[in-house]
Amino acid sequence: MLSALIAAASAFYGIRASVSIADAQREDAARSAISDYVVKMSELDRTSKTDPRNEIVTLASQVDALIAQYGQDKLHVSASAYRLTGLFLTLSTTDLELAERMGRQALELSARMVPDGAGGLRMADPLEALQAHRVLADVAAQNLDLHKMNSEYQAALDVIGSEGKRNRYIRKEAPHYTRAYWALSAMQLADGTDKPDAALCDEVRRRAAAARADLRALGGQPEIVRRAKRVHSDRCSTGVPLKDLQTY
């Protein structure tokens with residue numbers, strides 16, 4: 001009798017172990033697939049000679065489906081993977097709902113507070129956090145939501161102010177790109193508005209004036225060129241040399 005019980009218990013725990021191993025293997029495969037999909041989106045975004053929007057939306061949807069199937073608590077998808085998926089969607093497609101969800105998840109992971117090793121707290125990944133805010137600002141600009149766009153870009157600058165001392169790039173480079181993106185997003189928003197009113201154009205001109213030196217310094221950079229190309233007309237007469245910014 002005792003030997004039978006031992007055998008049954010061994011079989012039970014053996015089955016549980018096999019199931020756990022199989023689950024872990026499936027989760028590993030899902031993580032690898034998500035990484036592959038993000039890499040493919042990046043390649044399409046950089047090198048595709050045709051409009052990649054359908055392929056990027058498909059890949060991003062597959063990322064979303066895998067996360068929904070297994071759960072973030074099991075896959076531990078990085079803030080960077082969420083943020084890049086949101087970024088490629090905003091730059092190359094019109095699936096802004098999924099882009100915003102990806103950006104929000106990236107922000108949740110990167111902006112959480114963690115111990116700093118000296119008895120205090122610090123932001124888990126301030127560089128990812130400020131970039132997530134910029135993705136969300138881009139989404140807001142395309143949704144013609146001026147207030148939300150301004151709020152997200154200001155939040156990115158706030159991260160720079162509070163965390164820049166810990167990271168040279170955040171302190172030295174990120175402010176220039178953030179102000180430049182803010183100006184171009186504002187111009188894109190005005191361009192997408194049927195009849196930009198005086199208040200909107202005043203705000204767009206303020207953003208352009210604040211970024212004038214940044215745009216001059218960053219002109220020709222790929223990320224500036226592609227954002228400038230999304231602005232078809234300087235409808236608020238900002239004086240920004242749009243055609244110059246649209247060329248490498």
# chains A, B, ... in the order shown; residues from 1 in each chain; ligands from 1
call {"tool": "residues_around", "arguments": {"residues": "Glu173 in chain A", "least_positions_apart": "4", "cutoff": "12 Å", "atoms": "only C-alpha atoms", "output": "PDB file with N, CA and C atoms, in the first residue's frame"}}
result
ATOM      1  N   LEU A 127      15.219  57.073 -18.984  1.00  0.00           N
ATOM      2  CA  LEU A 127      15.325  57.278 -20.428  1.00  0.00           C
ATOM      3  C   LEU A 127      14.133  56.665 -21.146  1.00  0.00           C
ATOM      4  N   LEU A 157      10.040  66.473 -20.365  1.00  0.00           N
ATOM      5  CA  LEU A 157      11.013  67.453 -19.879  1.00  0.00           C
ATOM      6  C   LEU A 157      11.157  67.389 -18.363  1.00  0.00           C
ATOM      7  N   ILE A 160      13.531  64.724 -17.537  1.00  0.00           N
ATOM      8  CA  ILE A 160      14.895  65.212 -17.788  1.00  0.00           C
ATOM      9  C   ILE A 160      15.375  66.050 -16.609  1.00  0.00           C
ATOM     10  N   GLY A 164      18.099  63.853 -14.910  1.00  0.00           N
ATOM     11  CA  GLY A 164      19.226  64.108 -15.787  1.00  0.00           C
ATOM     12  C   GLY A 164      20.581  63.965 -15.128  1.00  0.00           C
ATOM     13  N   ASN A 167      22.177  60.577 -15.697  1.00  0.00           N
ATOM     14  CA  ASN A 167      22.393  60.045 -17.038  1.00  0.00           C
ATOM     15  C   ASN A 167      22.787  61.180 -17.972  1.00  0.00           C
ATOM     16  N   ARG A 168      23.967  61.080 -18.572  1.00  0.00           N
ATOM     17  CA  ARG A 168      24.477  62.168 -19.399  1.00  0.00           C
ATOM     18  C   ARG A 168      23.602  62.413 -20.628  1.00  0.00           C
ATOM     19  N   TYR A 169      23.133  61.335 -21.277  1.00  0.00           N
ATOM     20  CA  TYR A 169      22.304  61.527 -22.462  1.00  0.00           C
ATOM     21  C   TYR A 169      21.036  62.287 -22.095  1.00  0.00           C
ATOM     22  N   TYR A 177      16.167  66.982 -28.462  1.00  0.00           N
ATOM     23  CA  TYR A 177      15.233  66.181 -29.249  1.00  0.00           C
ATOM     24  C   TYR A 177      13.795  66.383 -28.773  1.00  0.00           C
ATOM     25  N   THR A 178      13.598  66.480 -27.469  1.00  0.00           N
ATOM     26  CA  THR A 178      12.235  66.628 -26.955  1.00  0.00           C
ATOM     27  C   THR A 178      11.624  67.942 -27.410  1.00  0.00           C
ATOM     28  N   ARG A 179      12.366  69.033 -27.324  1.00  0.00           N
ATOM     29  CA  ARG A 179      11.824  70.317 -27.786  1.00  0.00           C
ATOM     30  C   ARG A 179      11.585  70.311 -29.294  1.00  0.00           C
ATOM     31  N   ALA A 180      12.502  69.691 -30.046  1.00  0.00           N
ATOM     32  CA  ALA A 180      12.338  69.623 -31.502  1.00  0.00           C
ATOM     33  C   ALA A 180      11.111  68.785 -31.869  1.00  0.00           C
ATOM     34  N   ASP A 214      17.273  74.129 -31.432  1.00  0.00           N
ATOM     35  CA  ASP A 214      17.348  72.664 -31.453  1.00  0.00           C
ATOM     36  C   ASP A 214      17.139  72.136 -32.866  1.00  0.00           C
ATOM     37  N   ALA A 217      20.198  72.737 -34.941  1.00  0.00           N
ATOM     38  CA  ALA A 217      21.310  71.846 -34.600  1.00  0.00           C
ATOM     39  C   ALA A 217      21.056  70.410 -35.047  1.00  0.00           C
ATOM     40  N   LEU A 218      19.794  69.994 -35.038  1.00  0.00           N
ATOM     41  CA  LEU A 218      19.465  68.596 -35.323  1.00  0.00           C
ATOM     42  C   LEU A 218      19.044  68.358 -36.765  1.00  0.00           C
TER      43      LEU A 218
END
call {"tool": "select_by_dssp", "arguments": {"residues": "range 1-223 of chain A", "states": "strand (DSSP E)", "output": "number ranges by chain"}}
result
A: 113-115, 121-123
call {"tool": "write_last_selection", "arguments": {"atoms": "C-alpha atoms", "output": "mmCIF file, in the first residue's frame"}}
result
data_model
loop_
_atom_site.group_PDB
_atom_site.id
_atom_site.type_symbol
_atom_site.label_atom_id
_atom_site.label_comp_id
_atom_site.auth_asym_id
_atom_site.auth_seq_id
_atom_site.Cartn_x
_atom_site.Cartn_y
_atom_site.Cartn_z
ATOM 1 C CA MET A 113 10.046 53.940 -8.358
ATOM 2 C CA VAL A 114 12.714 51.495 -7.161
ATOM 3 C CA PRO A 115 15.342 51.615 -4.382
ATOM 4 C CA LEU A 121 14.037 55.907 -4.477
ATOM 5 C CA ARG A 122 14.737 56.499 -8.144
ATOM 6 C CA MET A 123 12.874 56.003 -11.385
#
call {"tool": "residues_around", "arguments": {"residues": "Asp73 in chain A", "least_positions_apart": "6", "cutoff": "12 Å", "atoms": "only C-alpha atoms", "output": "number ranges by chain"}}
result
A: 27, 67, 109
call {"tool": "write_last_selection", "arguments": {"atoms": "all heavy atoms", "output": "compact mmCIF listing (two decimals), in the first residue's frame"}}
result
# COMPACT_ATOMS: atom_id res chain seq x y z
N GLU A 27 6.34 29.95 -22.69
CA GLU A 27 6.56 31.36 -22.33
C GLU A 27 7.87 31.87 -22.93
O GLU A 27 7.94 33.00 -23.42
CB GLU A 27 6.54 31.52 -20.81
CG GLU A 27 5.15 31.34 -20.22
CD GLU A 27 5.17 31.00 -18.74
OE1 GLU A 27 6.25 31.12 -18.12
OE2 GLU A 27 4.12 30.60 -18.22
N ILE A 67 1.06 38.89 -25.48
CA ILE A 67 1.04 39.44 -24.11
C ILE A 67 -0.31 39.17 -23.47
O ILE A 67 -0.40 38.81 -22.29
CB ILE A 67 1.36 40.94 -24.13
CG1 ILE A 67 2.79 41.16 -24.61
CG2 ILE A 67 1.17 41.55 -22.74
CD1 ILE A 67 3.13 42.61 -24.91
N LEU A 109 5.99 50.62 -16.66
CA LEU A 109 7.16 49.83 -16.27
C LEU A 109 8.38 50.70 -15.98
O LEU A 109 9.13 50.43 -15.03
CB LEU A 109 7.50 48.83 -17.38
CG LEU A 109 6.50 47.69 -17.61
CD1 LEU A 109 6.88 46.92 -18.86
CD2 LEU A 109 6.44 46.76 -16.40
call {"tool": "residues_around", "arguments": {"residues": "Ala132 in chain A", "least_positions_apart": "5", "cutoff": "8 Å", "atoms": "only C-alpha atoms", "output": "ChimeraX atom specification"}}
result
/A:83,103-104,106-107
call {"tool": "write_last_selection", "arguments": {"atoms": "all heavy atoms", "output": "short mmCIF file (atom, residue, chain, number, x, y, z; two decimals), in the first residue's frame"}}
result
data_model
loop_
_atom_site.label_atom_id
_atom_site.label_comp_id
_atom_site.auth_asym_id
_atom_site.auth_seq_id
_atom_site.Cartn_x
_atom_site.Cartn_y
_atom_site.Cartn_z
N ARG A 83 7.60 50.25 -25.76
CA ARG A 83 7.78 51.60 -26.29
C ARG A 83 8.09 51.59 -27.78
O ARG A 83 7.55 52.38 -28.55
CB ARG A 83 8.87 52.31 -25.50
CG ARG A 83 8.97 53.81 -25.75
CD ARG A 83 10.11 54.15 -26.68
NE ARG A 83 11.37 53.57 -26.25
CZ ARG A 83 12.45 53.52 -27.01
NH1 ARG A 83 12.41 54.01 -28.25
NH2 ARG A 83 13.57 52.95 -26.57
N GLY A 103 2.43 52.51 -25.35
CA GLY A 103 3.14 53.60 -24.69
C GLY A 103 2.83 53.68 -23.21
O GLY A 103 3.72 53.91 -22.38
N ARG A 104 1.58 53.48 -22.86
CA ARG A 104 1.18 53.52 -21.45
C ARG A 104 1.84 52.40 -20.65
O ARG A 104 2.28 52.60 -19.51
CB ARG A 104 -0.34 53.40 -21.32
CG ARG A 104 -1.11 54.61 -21.75
CD ARG A 104 -1.02 55.72 -20.75
NE ARG A 104 -1.50 56.97 -21.31
CZ ARG A 104 -1.06 58.16 -20.97
NH1 ARG A 104 -0.07 58.27 -20.09
NH2 ARG A 104 -1.55 59.24 -21.51
N ALA A 106 4.66 50.89 -21.42
CA ALA A 106 6.09 51.23 -21.32
C ALA A 106 6.31 52.22 -20.20
O ALA A 106 7.27 52.10 -19.41
CB ALA A 106 6.58 51.81 -22.65
N LEU A 107 5.44 53.21 -20.10
CA LEU A 107 5.58 54.22 -19.06
C LEU A 107 5.37 53.62 -17.68
O LEU A 107 6.10 53.94 -16.73
CB LEU A 107 4.58 55.35 -19.31
CG LEU A 107 4.68 56.56 -18.39
CD1 LEU A 107 6.04 57.21 -18.49
CD2 LEU A 107 3.57 57.56 -18.71
#
call {"tool": "atom_distance", "arguments": {"atom1": "CA of Asp125 in chain A", "atom2": "CA of Gln154 in chain A"}}
result
17.6 Å
call {"tool": "select_by_dssp", "arguments": {"residues": "range 35-241 of chain A", "states": "alpha helix (DSSP H)", "output": "short mmCIF file (atom, residue, chain, number, x, y, z; two decimals) with C-alpha atoms, in the first residue's frame"}}
result
data_model
loop_
_atom_site.label_atom_id
_atom_site.label_comp_id
_atom_site.auth_asym_id
_atom_site.auth_seq_id
_atom_site.Cartn_x
_atom_site.Cartn_y
_atom_site.Cartn_z
CA SER A 35 11.62 40.12 -29.59
CA ASP A 36 11.66 38.89 -33.20
CA TYR A 37 8.52 40.88 -34.03
CA VAL A 38 10.01 44.09 -32.59
CA VAL A 39 13.21 43.55 -34.61
CA LYS A 40 11.17 42.96 -37.77
CA MET A 41 9.17 46.15 -37.15
CA SER A 42 12.44 48.04 -36.78
CA GLU A 43 13.76 46.61 -40.03
CA LEU A 44 10.56 47.45 -41.87
CA ASP A 45 10.55 50.94 -40.44
CA ARG A 46 14.15 51.57 -41.51
CA THR A 47 14.55 49.73 -44.80
CA ARG A 53 2.05 50.03 -42.33
CA ASN A 54 0.12 46.79 -42.84
CA GLU A 55 3.08 44.62 -41.89
CA ILE A 56 3.87 46.74 -38.82
CA VAL A 57 0.25 46.67 -37.64
CA THR A 58 0.20 42.88 -38.09
CA LEU A 59 3.42 42.42 -36.11
CA ALA A 60 2.32 44.80 -33.37
CA SER A 61 -1.02 42.98 -33.11
CA GLN A 62 0.86 39.69 -32.72
CA VAL A 63 2.91 41.22 -29.90
CA ASP A 64 -0.31 42.40 -28.26
CA ALA A 65 -1.95 38.98 -28.67
CA LEU A 66 0.97 37.09 -27.11
CA ILE A 67 1.04 39.44 -24.11
CA ALA A 68 -2.72 39.04 -23.70
CA GLN A 69 -2.40 35.25 -23.91
CA TYR A 70 0.40 34.75 -21.40
CA GLN A 72 2.97 40.49 -18.49
CA ASP A 73 3.53 38.85 -15.10
CA LYS A 74 4.80 35.71 -16.87
CA LEU A 75 6.51 37.18 -19.92
CA ALA A 79 9.54 48.69 -21.30
CA SER A 80 11.68 49.11 -24.41
CA ALA A 81 9.72 46.46 -26.35
CA TYR A 82 6.42 48.15 -25.48
CA ARG A 83 7.78 51.60 -26.29
CA LEU A 84 9.31 50.59 -29.61
CA THR A 85 6.10 48.87 -30.68
CA GLY A 86 4.19 52.04 -29.88
CA LEU A 87 6.78 54.16 -31.66
CA PHE A 88 6.70 52.16 -34.89
CA LEU A 89 2.90 52.31 -34.86
CA THR A 90 2.87 56.09 -34.45
CA LEU A 91 5.51 56.69 -37.11
CA SER A 92 4.26 54.32 -39.79
CA LEU A 96 -3.15 54.96 -32.52
CA GLU A 97 -5.26 53.04 -29.99
CA LEU A 98 -2.75 50.18 -29.85
CA ALA A 99 0.15 52.65 -29.96
CA GLU A 100 -1.22 54.44 -26.92
CA ARG A 101 -1.72 51.21 -24.97
CA MET A 102 1.85 50.19 -25.73
CA GLY A 103 3.14 53.60 -24.69
CA ARG A 104 1.18 53.52 -21.45
CA GLN A 105 2.54 50.09 -20.55
CA ALA A 106 6.09 51.23 -21.32
CA LEU A 107 5.58 54.22 -19.06
CA GLU A 108 4.12 52.12 -16.25
CA LEU A 109 7.16 49.83 -16.27
CA SER A 110 9.83 52.49 -16.69
CA PRO A 126 14.12 57.40 -16.82
CA LEU A 127 15.33 57.28 -20.43
CA GLU A 128 12.57 54.82 -21.36
CA ALA A 129 10.07 56.89 -19.36
CA LEU A 130 10.80 60.13 -21.18
CA GLN A 131 10.72 58.33 -24.54
CA ALA A 132 7.38 56.75 -23.62
CA HIS A 133 6.03 60.23 -22.85
CA ARG A 134 7.21 61.34 -26.31
CA VAL A 135 5.40 58.40 -27.96
CA LEU A 136 2.22 59.33 -26.10
CA ALA A 137 2.67 62.97 -27.12
CA ASP A 138 2.97 61.86 -30.75
CA VAL A 139 -0.24 59.87 -30.42
CA ALA A 140 -1.99 62.92 -28.94
CA ALA A 141 -0.75 65.16 -31.76
CA GLN A 142 -2.14 62.78 -34.37
CA LEU A 146 -3.28 69.79 -28.04
CA HIS A 147 -3.67 69.72 -24.25
CA LYS A 148 -2.65 66.07 -23.98
CA MET A 149 0.24 66.52 -26.39
CA ASN A 150 1.60 69.45 -24.37
CA SER A 151 1.13 67.53 -21.12
CA GLU A 152 3.10 64.52 -22.36
CA TYR A 153 5.97 66.57 -23.76
CA GLN A 154 6.15 68.58 -20.56
CA ALA A 155 6.22 65.32 -18.60
CA ALA A 156 9.20 64.22 -20.72
CA LEU A 157 11.01 67.45 -19.88
CA ASP A 158 10.13 66.96 -16.21
CA VAL A 159 11.83 63.54 -16.29
CA ILE A 160 14.89 65.21 -17.79
CA GLY A 161 14.87 67.78 -15.00
CA SER A 162 14.53 65.27 -12.18
CA GLU A 163 16.68 62.43 -13.53
CA ARG A 168 24.48 62.17 -19.40
CA TYR A 169 22.30 61.53 -22.46
CA ILE A 170 19.18 62.57 -20.57
CA ARG A 171 20.92 65.70 -19.36
CA LYS A 172 22.71 66.71 -22.59
CA ALA A 174 17.31 64.48 -24.69
CA PRO A 175 16.19 68.10 -24.10
CA HIS A 176 17.12 69.08 -27.69
CA TYR A 177 15.23 66.18 -29.25
CA THR A 178 12.24 66.63 -26.96
CA ARG A 179 11.82 70.32 -27.79
CA ALA A 180 12.34 69.62 -31.50
CA TYR A 181 9.77 66.80 -31.51
CA TRP A 182 7.36 69.02 -29.57
CA ALA A 183 7.59 71.77 -32.20
CA LEU A 184 7.14 69.37 -35.13
CA SER A 185 4.24 67.60 -33.40
CA ALA A 186 2.55 70.95 -32.83
CA MET A 187 3.00 71.84 -36.50
CA GLN A 188 1.63 68.42 -37.51
CA LEU A 189 -1.39 68.94 -35.25
CA ALA A 190 -2.11 72.33 -36.79
CA ASP A 191 -1.63 70.85 -40.26
CA GLY A 192 -4.25 68.21 -39.46
CA ALA A 198 -5.48 82.05 -33.51
CA ALA A 199 -5.00 80.42 -30.11
CA LEU A 200 -3.74 77.19 -31.65
CA CYS A 201 -1.36 79.02 -33.98
CA ASP A 202 -0.04 81.12 -31.11
CA GLU A 203 0.81 77.90 -29.27
CA VAL A 204 2.40 76.34 -32.34
CA ARG A 205 4.55 79.42 -32.87
CA ARG A 206 5.62 79.34 -29.20
CA ARG A 207 6.71 75.74 -29.54
CA ALA A 208 8.57 76.50 -32.77
CA ALA A 209 10.33 79.48 -31.21
CA ALA A 210 11.36 77.42 -28.17
CA ARG A 212 14.43 76.97 -33.11
CA ALA A 213 18.03 76.39 -31.99
CA ASP A 214 17.35 72.66 -31.45
CA LEU A 215 15.89 72.24 -34.94
CA ARG A 216 18.85 74.08 -36.44
CA ALA A 217 21.31 71.85 -34.60
CA LEU A 218 19.46 68.60 -35.32
CA PRO A 222 16.85 60.84 -39.46
CA GLU A 223 14.32 61.19 -36.63
CA ILE A 224 13.93 64.90 -37.34
CA VAL A 225 13.62 64.37 -41.10
CA ARG A 226 10.89 61.76 -40.80
CA ARG A 227 8.87 63.87 -38.36
CA ALA A 228 9.28 66.96 -40.51
#
